[in-house]
Structures are given as structure tokens and as C-alpha cells.
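Dumped my_file29.cif below, it's mmCIF, C-alpha atoms, pLDDT in the B column; chains and numbers go by the auth columns:
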```cif
data_work
#
loop_
_atom_site.group_PDB
_atom_site.id
_atom_site.type_symbol
_atom_site.label_atom_id
_atom_site.label_comp_id
_atom_site.label_asym_id
_atom_site.label_seq_id
_atom_site.Cartn_x
_atom_site.Cartn_y
_atom_site.Cartn_z
_atom_site.B_iso_or_equiv
_atom_site.auth_seq_id
_atom_site.auth_asym_id
ATOM 1 C CA MET A 1 188.560 5.525 -124.405 37.00 1 J
ATOM 2 C CA PRO A 2 189.602 2.581 -126.579 38.00 2 J
ATOM 3 C CA ILE A 3 189.002 -0.958 -125.430 37.00 3 J
ATOM 4 C CA THR A 4 192.207 -2.959 -125.475 38.00 4 J
ATOM 5 C CA GLY A 5 192.799 -6.656 -125.883 39.00 5 J
ATOM 6 C CA LEU A 6 190.440 -7.207 -128.834 33.00 6 J
ATOM 7 C CA PRO A 7 191.289 -7.300 -132.526 34.00 7 J
ATOM 8 C CA GLU A 8 190.599 -3.907 -134.119 34.00 8 J
ATOM 9 C CA ASN A 9 187.703 -5.222 -136.231 30.00 9 J
ATOM 10 C CA ARG A 10 185.929 -6.578 -133.111 32.00 10 J
ATOM 11 C CA LEU A 11 185.855 -3.409 -131.045 30.00 11 J
ATOM 12 C CA PRO A 12 182.277 -2.474 -130.069 36.00 12 J
ATOM 13 C CA SER A 13 181.243 0.972 -131.259 37.00 13 J
ATOM 14 C CA THR A 14 179.545 1.736 -127.947 37.00 14 J
ATOM 15 C CA LEU A 15 179.507 0.410 -124.411 36.00 15 J
ATOM 16 C CA PRO A 16 176.393 -0.899 -122.569 39.00 16 J
ATOM 17 C CA VAL A 17 173.652 1.689 -122.212 41.00 17 J
ATOM 18 C CA PRO A 18 171.733 1.821 -118.909 39.00 18 J
ATOM 19 C CA VAL A 19 168.146 2.958 -119.463 38.00 19 J
ATOM 20 C CA ALA A 20 165.258 2.757 -117.002 37.00 20 J
ATOM 21 C CA ASP A 21 161.553 2.914 -117.757 37.00 21 J
ATOM 22 C CA GLY A 22 158.717 3.942 -115.509 33.00 22 J
ATOM 23 C CA GLY A 23 160.907 4.156 -112.435 34.00 23 J
ATOM 24 C CA THR A 24 160.807 0.384 -111.967 42.00 24 J
ATOM 25 C CA GLY A 25 164.468 -0.015 -112.747 46.00 25 J
ATOM 26 C CA SER A 26 163.771 -2.458 -115.557 45.00 26 J
ATOM 27 C CA THR A 27 164.988 -1.571 -119.004 48.00 27 J
ATOM 28 C CA SER A 28 162.661 -1.274 -121.939 55.00 28 J
ATOM 29 C CA ALA A 29 164.315 -2.673 -125.035 58.00 29 J
ATOM 30 C CA ALA A 30 162.644 0.086 -127.064 57.00 30 J
ATOM 31 C CA ALA A 31 163.967 2.728 -124.622 61.00 31 J
ATOM 32 C CA ALA A 32 167.463 1.280 -124.905 58.00 32 J
ATOM 33 C CA LEU A 33 167.306 1.557 -128.692 54.00 33 J
ATOM 34 C CA SER A 34 165.990 5.086 -128.396 57.00 34 J
ATOM 35 C CA ALA A 35 168.926 5.998 -126.146 59.00 35 J
ATOM 36 C CA LEU A 36 171.235 4.934 -128.943 55.00 36 J
ATOM 37 C CA GLY A 37 169.455 7.361 -131.260 53.00 37 J
ATOM 38 C CA ALA A 38 167.985 4.549 -133.344 50.00 38 J
ATOM 39 C CA ALA A 39 164.873 5.715 -135.181 46.00 39 J
ATOM 40 C CA SER A 40 163.719 2.120 -135.476 48.00 40 J
ATOM 41 C CA GLN A 41 164.745 -1.308 -134.269 48.00 41 J
ATOM 42 C CA ALA A 42 166.243 -1.931 -137.696 50.00 42 J
ATOM 43 C CA GLU A 43 168.916 0.669 -136.922 52.00 43 J
ATOM 44 C CA TYR A 44 170.480 -0.821 -133.792 59.00 44 J
ATOM 45 C CA GLU A 45 173.916 -2.366 -134.076 70.00 45 J
ATOM 46 C CA ILE A 46 173.889 -6.152 -134.158 69.00 46 J
ATOM 47 C CA GLY A 47 175.680 -7.389 -131.079 77.00 47 J
ATOM 48 C CA GLN A 48 175.091 -4.187 -129.067 91.00 48 J
ATOM 49 C CA VAL A 49 175.058 -5.073 -125.365 94.00 49 J
ATOM 50 C CA PHE A 50 172.507 -3.299 -123.167 95.00 50 J
ATOM 51 C CA SER A 51 172.402 -3.104 -119.377 95.00 51 J
ATOM 52 C CA SER A 52 169.392 -3.165 -117.072 96.00 52 J
ATOM 53 C CA THR A 53 169.461 -2.799 -113.287 97.00 53 J
ATOM 54 C CA THR A 54 166.421 -3.638 -111.168 97.00 54 J
ATOM 55 C CA THR A 55 165.928 -3.500 -107.390 97.00 55 J
ATOM 56 C CA ILE A 56 163.357 -5.908 -105.963 96.00 56 J
ATOM 57 C CA PRO A 57 162.060 -4.964 -102.492 96.00 57 J
ATOM 58 C CA GLY A 58 162.605 -7.406 -99.624 95.00 58 J
ATOM 59 C CA GLY A 59 159.887 -9.399 -97.881 93.00 59 J
ATOM 60 C CA GLY A 60 157.046 -11.559 -99.097 92.00 60 J
ATOM 61 C CA GLY A 61 154.137 -10.770 -101.416 91.00 61 J
ATOM 62 C CA ALA A 62 153.657 -9.832 -105.059 91.00 62 J
ATOM 63 C CA GLY A 63 156.687 -8.132 -106.601 92.00 63 J
ATOM 64 C CA LYS A 64 158.903 -8.796 -103.577 94.00 64 J
ATOM 65 C CA ALA A 65 162.102 -10.852 -103.375 92.00 65 J
ATOM 66 C CA GLY A 66 160.681 -13.512 -101.085 91.00 66 J
ATOM 67 C CA SER A 67 157.854 -14.427 -103.474 92.00 67 J
ATOM 68 C CA MET A 68 159.566 -14.647 -106.874 92.00 68 J
ATOM 69 C CA LYS A 69 158.279 -18.171 -107.562 91.00 69 J
ATOM 70 C CA THR A 70 154.630 -17.204 -107.401 90.00 70 J
ATOM 71 C CA SER A 71 155.347 -13.660 -108.584 91.00 71 J
ATOM 72 C CA PRO A 72 158.426 -13.456 -110.909 93.00 72 J
ATOM 73 C CA VAL A 73 159.680 -9.893 -111.413 95.00 73 J
ATOM 74 C CA ILE A 74 160.147 -8.534 -114.958 96.00 74 J
ATOM 75 C CA ILE A 75 163.692 -7.182 -115.332 96.00 75 J
ATOM 76 C CA VAL A 76 163.759 -6.438 -119.101 96.00 76 J
ATOM 77 C CA SER A 77 160.673 -5.526 -121.159 95.00 77 J
ATOM 78 C CA ILE A 78 159.639 -7.177 -124.425 95.00 78 J
ATOM 79 C CA PRO A 79 161.819 -6.261 -127.426 93.00 79 J
ATOM 80 C CA GLY A 80 159.050 -6.127 -130.066 92.00 80 J
ATOM 81 C CA ALA A 81 157.786 -8.341 -132.865 93.00 81 J
ATOM 82 C CA GLY A 82 160.452 -10.293 -134.726 94.00 82 J
ATOM 83 C CA LYS A 83 163.020 -9.829 -131.907 94.00 83 J
ATOM 84 C CA PHE A 84 164.227 -11.824 -128.913 95.00 84 J
ATOM 85 C CA LEU A 85 166.349 -11.062 -125.858 96.00 85 J
ATOM 86 C CA GLU A 86 169.672 -12.865 -125.435 96.00 86 J
ATOM 87 C CA VAL A 87 171.125 -12.857 -121.917 97.00 87 J
ATOM 88 C CA VAL A 88 174.887 -12.306 -121.852 96.00 88 J
ATOM 89 C CA SER A 89 175.334 -12.417 -118.073 97.00 89 J
ATOM 90 C CA ALA A 90 173.832 -11.130 -114.851 97.00 90 J
ATOM 91 C CA HIS A 91 175.070 -10.020 -111.434 98.00 91 J
ATOM 92 C CA ILE A 92 172.615 -10.762 -108.631 97.00 92 J
ATOM 93 C CA PHE A 93 173.165 -9.078 -105.272 97.00 93 J
ATOM 94 C CA LEU A 94 171.212 -9.990 -102.138 95.00 94 J
ATOM 95 C CA ASP A 95 171.574 -6.850 -99.994 97.00 95 J
ATOM 96 C CA PHE A 96 171.184 -8.318 -96.501 96.00 96 J
ATOM 97 C CA ALA A 97 168.880 -6.193 -94.340 95.00 97 J
ATOM 98 C CA SER A 98 168.204 -7.703 -90.909 94.00 98 J
ATOM 99 C CA VAL A 99 166.448 -11.103 -91.190 92.00 99 J
ATOM 100 C CA PRO A 100 167.459 -14.000 -93.481 92.00 100 J
ATOM 101 C CA TYR A 101 164.728 -15.651 -95.550 91.00 101 J
ATOM 102 C CA ASP A 102 163.343 -18.744 -93.845 87.00 102 J
ATOM 103 C CA ASN A 103 162.950 -20.905 -96.940 86.00 103 J
ATOM 104 C CA THR A 104 165.296 -21.670 -99.799 81.00 104 J
ATOM 105 C CA GLY A 105 164.739 -21.653 -103.546 85.00 105 J
ATOM 106 C CA ASN A 106 167.141 -21.704 -106.471 91.00 106 J
ATOM 107 C CA THR A 107 167.281 -18.424 -108.437 93.00 107 J
ATOM 108 C CA THR A 108 167.349 -17.925 -112.215 94.00 108 J
ATOM 109 C CA ILE A 109 166.350 -15.653 -115.096 96.00 109 J
ATOM 110 C CA GLN A 110 163.600 -16.880 -117.383 96.00 110 J
ATOM 111 C CA PHE A 111 161.789 -15.861 -120.521 96.00 111 J
ATOM 112 C CA THR A 112 158.472 -14.648 -119.126 93.00 112 J
ATOM 113 C CA SER A 113 156.048 -16.259 -121.568 90.00 113 J
ATOM 114 C CA PRO A 114 156.260 -19.160 -121.939 89.00 114 J
ATOM 115 C CA ALA A 115 158.162 -19.494 -118.661 91.00 115 J
ATOM 116 C CA THR A 116 161.468 -20.961 -119.849 93.00 116 J
ATOM 117 C CA ILE A 117 164.707 -20.844 -117.836 94.00 117 J
ATOM 118 C CA CYS A 118 167.371 -19.107 -119.940 95.00 118 J
ATOM 119 C CA THR A 119 170.359 -18.810 -117.547 95.00 119 J
ATOM 120 C CA ASP A 120 172.367 -20.808 -115.062 93.00 120 J
ATOM 121 C CA ILE A 121 170.631 -21.500 -111.756 93.00 121 J
ATOM 122 C CA ILE A 122 171.980 -20.076 -108.484 92.00 122 J
ATOM 123 C CA SER A 123 171.897 -22.783 -105.826 86.00 123 J
ATOM 124 C CA ASP A 124 169.978 -21.668 -102.770 78.00 124 J
ATOM 125 C CA ALA A 125 172.584 -23.061 -100.380 78.00 125 J
ATOM 126 C CA GLY A 126 174.195 -20.052 -98.711 85.00 126 J
ATOM 127 C CA PHE A 127 172.572 -17.420 -100.911 89.00 127 J
ATOM 128 C CA ASN A 128 169.233 -16.212 -99.605 89.00 128 J
ATOM 129 C CA ASN A 129 169.109 -17.834 -96.156 88.00 129 J
ATOM 130 C CA VAL A 130 172.270 -16.396 -94.605 89.00 130 J
ATOM 131 C CA ALA A 131 172.853 -13.247 -92.541 93.00 131 J
ATOM 132 C CA SER A 132 175.231 -11.448 -94.932 95.00 132 J
ATOM 133 C CA ASP A 133 175.363 -9.766 -98.332 97.00 133 J
ATOM 134 C CA GLN A 134 175.633 -12.243 -101.214 95.00 134 J
ATOM 135 C CA HIS A 135 176.845 -11.755 -104.806 97.00 135 J
ATOM 136 C CA ARG A 136 176.473 -14.215 -107.695 96.00 136 J
ATOM 137 C CA THR A 137 177.036 -14.053 -111.437 96.00 137 J
ATOM 138 C CA ILE A 138 175.123 -16.206 -113.905 96.00 138 J
ATOM 139 C CA TYR A 139 175.381 -16.750 -117.633 96.00 139 J
ATOM 140 C CA ALA A 140 173.130 -17.790 -120.495 95.00 140 J
ATOM 141 C CA ALA A 141 171.958 -21.390 -120.759 94.00 141 J
ATOM 142 C CA LYS A 142 171.749 -23.227 -124.079 94.00 142 J
ATOM 143 C CA VAL A 143 168.038 -22.842 -124.838 93.00 143 J
ATOM 144 C CA ALA A 144 165.891 -21.983 -127.827 94.00 144 J
ATOM 145 C CA PRO A 145 165.134 -18.235 -127.972 95.00 145 J
ATOM 146 C CA VAL A 146 161.574 -17.042 -127.419 96.00 146 J
ATOM 147 C CA GLU A 147 160.300 -14.287 -129.699 96.00 147 J
ATOM 148 C CA ASN A 148 158.969 -11.031 -128.243 96.00 148 J
ATOM 149 C CA THR A 149 158.930 -11.895 -124.549 96.00 149 J
ATOM 150 C CA SER A 150 160.415 -10.179 -121.504 96.00 150 J
ATOM 151 C CA LEU A 151 162.973 -11.482 -119.010 97.00 151 J
ATOM 152 C CA SER A 152 162.008 -12.179 -115.387 97.00 152 J
ATOM 153 C CA LEU A 153 163.927 -12.987 -112.228 96.00 153 J
ATOM 154 C CA ARG A 154 162.345 -15.923 -110.420 93.00 154 J
ATOM 155 C CA THR A 155 163.002 -18.542 -107.791 91.00 155 J
ATOM 156 C CA LEU A 156 162.051 -22.207 -108.068 89.00 156 J
ATOM 157 C CA ASP A 157 160.556 -22.023 -104.530 88.00 157 J
ATOM 158 C CA ASP A 158 159.426 -18.928 -102.648 86.00 158 J
ATOM 159 C CA TRP A 159 162.050 -17.804 -100.110 89.00 159 J
ATOM 160 C CA TYR A 160 159.569 -16.208 -97.745 86.00 160 J
ATOM 161 C CA THR A 161 157.194 -18.231 -95.604 82.00 161 J
ATOM 162 C CA ALA A 162 157.268 -16.156 -92.412 82.00 162 J
ATOM 163 C CA ALA A 163 160.560 -14.249 -92.325 87.00 163 J
ATOM 164 C CA GLY A 164 163.061 -12.419 -94.518 91.00 164 J
ATOM 165 C CA ASP A 165 163.451 -8.784 -95.526 94.00 165 J
ATOM 166 C CA SER A 166 166.473 -8.406 -97.825 94.00 166 J
ATOM 167 C CA PRO A 167 166.091 -6.691 -101.217 96.00 167 J
ATOM 168 C CA VAL A 168 167.691 -8.144 -104.346 96.00 168 J
ATOM 169 C CA LYS A 169 169.445 -6.104 -107.012 97.00 169 J
ATOM 170 C CA VAL A 170 170.017 -7.598 -110.444 97.00 170 J
ATOM 171 C CA GLU A 171 172.068 -6.168 -113.287 97.00 171 J
ATOM 172 C CA VAL A 172 171.581 -8.057 -116.532 97.00 172 J
ATOM 173 C CA LEU A 173 173.608 -7.585 -119.713 97.00 173 J
ATOM 174 C CA TYR A 174 171.641 -8.559 -122.815 96.00 174 J
ATOM 175 C CA ARG A 175 171.342 -8.196 -126.570 95.00 175 J
ATOM 176 C CA ILE A 176 168.288 -7.593 -128.741 94.00 176 J
ATOM 177 C CA ARG A 177 168.462 -10.044 -131.627 93.00 177 J
ATOM 178 C CA ASP A 178 166.489 -10.603 -134.826 92.00 178 J
ATOM 179 C CA TYR A 179 164.389 -13.758 -134.507 92.00 179 J
ATOM 180 C CA THR A 180 164.688 -14.457 -138.230 91.00 180 J
ATOM 181 C CA ILE A 181 168.122 -14.119 -139.827 82.00 181 J
#
```
Translate the structure of the given file into C-alpha cells.
Amino acid sequence: MPITGLPENRLPSTLPVPVADGGTGSTSAAAALSALGAASQAEYEIGQVFSSTTTIPGGGGAGKAGSMKTSPVIIVSIPGAGKFLEVVSAHIFLDFASVPYDNTGNTTIQFTSPATICTDIISDAGFNNVASDQHRTIYAAKVAPVENTSLSLRTLDDWYTAAGDSPVKVEVLYRIRDYTI
């Protein structure tokens, strides 16, 4: 189906490709390239947008939504040497379960190592500490890219101190870019 509203020479050749690795829900950049039929990273289309969807269990503790300050969750794997990940946008959905989180903490996506914020920040007011589903979209921040590192979802303070059980789902749209052009 053609995409309308763009000049003919700017039409993408393919749409975002959802690919999961290891059952975690995070997308491996290498797996995304493989899904395109690229024999090597040199063969992917510049500007190709990939999609990764990750579900983070509710509650507190390592790998859970309430503890993403002390334990950020990887949502896109490393792209490989000479490459970096560019966030296009993300949709973050707090799927309210039964108990709101009892602490607040702004939410963002960061390059994992070194830990560098690379998107807008979702204000904690009315996001994680309310008794209803919450949706937010965030976009890339103006930061220097970091070569060969993954993307993580994190909070600037842990949400969970004694209560909270809602999982978080994040869909991130991203590109794999050459670090040297």
C-alpha cells in the first residue's frame, strides 16, 4: 500500500519491522537487520525505521517497572561496532493493575553506557502514581550519539518504595546509523 502525503522520492521502501529477541520483547538491532534480509549491516537502508516493543513487569525489584532508576531495563540491544541508535519516538503505556506506585520519578530513555538521557523526560506528575492507565509519547533530545550502546528505559527516582504493581509497555521507533559518515 503506498504511503501518501510525501514526495515520491522520499517514500520509505519498507515500513517499521517488529523483531523480538530472546522472548524479552526487546529488539536486537542485528535481528532487525536480519529480518530485512540484510546479509550485513552495510546492506541496511539508511533511514530505515525499526520498531521494538518491550513489556516491563510491575512491582519493585530488578527488571521491574518500580525500580527502573536502580535497574534500568534494556529496550533495544547494541547495534554493533561503528553504529549508533537514533531514537525517533516512543510510546510509553502504564497499564494500571490495582495499586498505584507510592513514589514518583520522571521517566526517560537513555543510552545505556555511558548513561546519557537521549529523549524527552516524562514528568512524574499524574503518570505513575495515579489509579488509571496512562499513555505518553516522547521524542529524541538533542544529544551527541553514543557508539555501540543499547537503549534503556529508566526513571530518575524509583517509583516503588512499598506499593505499586502496574506493568509498563514501551514501543520505541529507532534507526541504526553509521557513527562515521
For a cut-off of 7 Å around (164.9, -14.6, -95.1), file coordinates, pick out all residues using all atoms listed in the file and list them as a ChimeraX atom specification. /J:99-103,128-129,159-160,163-166
Take the PyMOL selection byres ((chain J and resi 60-71) around 8), apply it to the structure above, and return the hits as a tab-separated table (two decimals) with C-alpha atoms, keeping the file's coordinate frame.
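Output saved as result_6.tsv:
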```
chain	number	residue	atom	x	y	z
J	56	ILE	CA	163.36	-5.91	-105.96
J	57	PRO	CA	162.06	-4.96	-102.49
J	58	GLY	CA	162.60	-7.41	-99.62
J	59	GLY	CA	159.89	-9.40	-97.88
J	72	PRO	CA	158.43	-13.46	-110.91
J	73	VAL	CA	159.68	-9.89	-111.41
J	101	TYR	CA	164.73	-15.65	-95.55
J	153	LEU	CA	163.93	-12.99	-112.23
J	154	ARG	CA	162.34	-15.92	-110.42
J	155	THR	CA	163.00	-18.54	-107.79
J	156	LEU	CA	162.05	-22.21	-108.07
J	157	ASP	CA	160.56	-22.02	-104.53
J	158	ASP	CA	159.43	-18.93	-102.65
J	159	TRP	CA	162.05	-17.80	-100.11
J	160	TYR	CA	159.57	-16.21	-97.74
J	161	THR	CA	157.19	-18.23	-95.60
J	164	GLY	CA	163.06	-12.42	-94.52
J	165	ASP	CA	163.45	-8.78	-95.53
J	166	SER	CA	166.47	-8.41	-97.82
J	167	PRO	CA	166.09	-6.69	-101.22
J	168	VAL	CA	167.69	-8.14	-104.35
```
Take the PyMOL selection byres ((chain J and resi 79) around 6), apply it to the structure above, and return the hits as a ChimeraX atom specification. /J:29,78,80,83,148
Separation of atom CA of Val76 of chain J from atom CA of Arg136 of chain J, in Å and rounded to one decimal: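 Between atom CA of Val76 of chain J and atom CA of Arg136 of chain J the gap works out to 18.8 Å.
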If the PyMOL selection byres ((chain J and resi 127) around 10) is run on the structure shown, which residues does it catch, given as a PyMOL selection string? chain J and resi 93-94+100-101+104-107+122-126+128-136
Between J:Ala144, J:Leu151, J:Ile92, J:Ile75, which has the minimum distance to Phe111 of chain J (counting only C-alpha atoms)?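 Between J:Ala144, J:Leu151, J:Ile92, J:Ile75, the residue approaching Phe111 of chain J most closely is J:Leu151.
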Quote the spacing between atom CA of Ser77 of chain J and atom CA of Phe50 of chain J in Å to one decimal place. 12.2 Å
Taking into account all atoms listed in the file, which residue in the set J:Val146, J:Ser152, J:Ala141, J:Thr55 is nearest to Tyr179 of chain J? J:Val146
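Across J:Ala81, J:Ala97, J:Ala162, J:Cys118, the tightest approach to Ala140 of chain J is made by J:Cys118 when counting only C-alpha atoms.
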Atom CA of Glu45 of chain J to atom CA of Ser113 of chain J measures 25.9 Å
Take every atom of segment 134-153 of chain J listed in the file, pad by 8 Å on each side, and give me the axis-aligned box centre and edge lengths in Å, one decimal, as lines of an AutoDock Vina configuration file.
```
center_x = 168.0
center_y = -16.7
center_z = -115.5
size_x = 34.1
size_y = 29.0
size_z = 44.5
```
Write out N, CA and C atoms for segment 77-111 of chain J, as a compact mmCIF listing (two decimals), in the frame of the given file.
```
# COMPACT_ATOMS: atom_id res chain seq x y z
N SER J 77 161.94 -5.52 -120.42
CA SER J 77 160.67 -5.53 -121.16
C SER J 77 160.81 -6.21 -122.52
N ILE J 78 159.66 -6.50 -123.12
CA ILE J 78 159.64 -7.18 -124.42
C ILE J 78 160.35 -6.34 -125.48
N PRO J 79 161.04 -7.00 -126.43
CA PRO J 79 161.82 -6.26 -127.43
C PRO J 79 161.02 -5.84 -128.65
N GLY J 80 159.86 -6.44 -128.89
CA GLY J 80 159.05 -6.13 -130.07
C GLY J 80 158.98 -7.31 -131.02
N ALA J 81 158.02 -7.25 -131.91
CA ALA J 81 157.79 -8.34 -132.86
C ALA J 81 159.03 -8.62 -133.69
N GLY J 82 159.31 -9.89 -133.91
CA GLY J 82 160.45 -10.29 -134.73
C GLY J 82 161.79 -10.22 -134.01
N LYS J 83 161.79 -9.96 -132.70
CA LYS J 83 163.02 -9.83 -131.91
C LYS J 83 162.97 -10.78 -130.72
N PHE J 84 164.16 -11.10 -130.17
CA PHE J 84 164.23 -11.82 -128.91
C PHE J 84 165.37 -11.26 -128.09
N LEU J 85 165.32 -11.52 -126.78
CA LEU J 85 166.35 -11.06 -125.86
C LEU J 85 167.33 -12.19 -125.60
N GLU J 86 168.62 -11.90 -125.70
CA GLU J 86 169.67 -12.86 -125.44
C GLU J 86 170.43 -12.40 -124.19
N VAL J 87 170.39 -13.19 -123.13
CA VAL J 87 171.12 -12.86 -121.92
C VAL J 87 172.61 -13.12 -122.15
N VAL J 88 173.44 -12.14 -121.80
CA VAL J 88 174.89 -12.31 -121.85
C VAL J 88 175.36 -12.79 -120.47
N SER J 89 175.00 -12.04 -119.45
CA SER J 89 175.33 -12.42 -118.07
C SER J 89 174.50 -11.57 -117.13
N ALA J 90 174.54 -11.93 -115.85
CA ALA J 90 173.83 -11.13 -114.85
C ALA J 90 174.60 -11.19 -113.54
N HIS J 91 174.51 -10.10 -112.79
CA HIS J 91 175.07 -10.02 -111.43
C HIS J 91 173.88 -9.87 -110.51
N ILE J 92 173.73 -10.81 -109.58
CA ILE J 92 172.62 -10.76 -108.63
C ILE J 92 173.19 -10.53 -107.25
N PHE J 93 172.66 -9.50 -106.58
CA PHE J 93 173.16 -9.08 -105.27
C PHE J 93 172.03 -9.12 -104.26
N LEU J 94 172.15 -9.98 -103.25
CA LEU J 94 171.21 -9.99 -102.14
C LEU J 94 171.79 -9.04 -101.10
N ASP J 95 171.11 -7.91 -100.90
CA ASP J 95 171.57 -6.85 -99.99
C ASP J 95 171.00 -7.12 -98.61
N PHE J 96 171.72 -7.88 -97.78
CA PHE J 96 171.18 -8.32 -96.50
C PHE J 96 170.70 -7.13 -95.67
N ALA J 97 169.47 -7.24 -95.17
CA ALA J 97 168.88 -6.19 -94.34
C ALA J 97 169.04 -6.57 -92.86
N SER J 98 168.09 -7.35 -92.33
CA SER J 98 168.20 -7.70 -90.91
C SER J 98 167.77 -9.13 -90.59
N VAL J 99 166.95 -9.76 -91.47
CA VAL J 99 166.45 -11.10 -91.19
C VAL J 99 166.62 -11.97 -92.44
N PRO J 100 167.33 -13.12 -92.32
CA PRO J 100 167.46 -14.00 -93.48
C PRO J 100 166.10 -14.59 -93.86
N TYR J 101 165.96 -14.97 -95.12
CA TYR J 101 164.73 -15.65 -95.55
C TYR J 101 164.69 -17.03 -94.91
N ASP J 102 163.48 -17.49 -94.58
CA ASP J 102 163.34 -18.74 -93.84
C ASP J 102 163.08 -19.96 -94.74
N ASN J 103 163.10 -19.79 -96.02
CA ASN J 103 162.95 -20.90 -96.94
C ASN J 103 163.99 -20.73 -98.04
N THR J 104 164.30 -21.77 -98.75
CA THR J 104 165.30 -21.67 -99.80
C THR J 104 164.67 -21.97 -101.15
N GLY J 105 165.22 -21.41 -102.19
CA GLY J 105 164.74 -21.65 -103.55
C GLY J 105 165.79 -21.20 -104.54
N ASN J 106 166.16 -22.06 -105.45
CA ASN J 106 167.14 -21.70 -106.47
C ASN J 106 166.66 -20.50 -107.27
N THR J 107 167.59 -19.68 -107.76
CA THR J 107 167.28 -18.42 -108.44
C THR J 107 167.77 -18.48 -109.88
N THR J 108 166.99 -17.92 -110.81
CA THR J 108 167.35 -17.92 -112.22
C THR J 108 166.67 -16.77 -112.95
N ILE J 109 167.06 -16.58 -114.20
CA ILE J 109 166.35 -15.65 -115.10
C ILE J 109 165.62 -16.52 -116.11
N GLN J 110 164.42 -16.12 -116.44
CA GLN J 110 163.60 -16.88 -117.38
C GLN J 110 162.99 -15.96 -118.43
N PHE J 111 162.69 -16.54 -119.60
CA PHE J 111 161.79 -15.86 -120.52
C PHE J 111 160.44 -15.86 -119.82
```
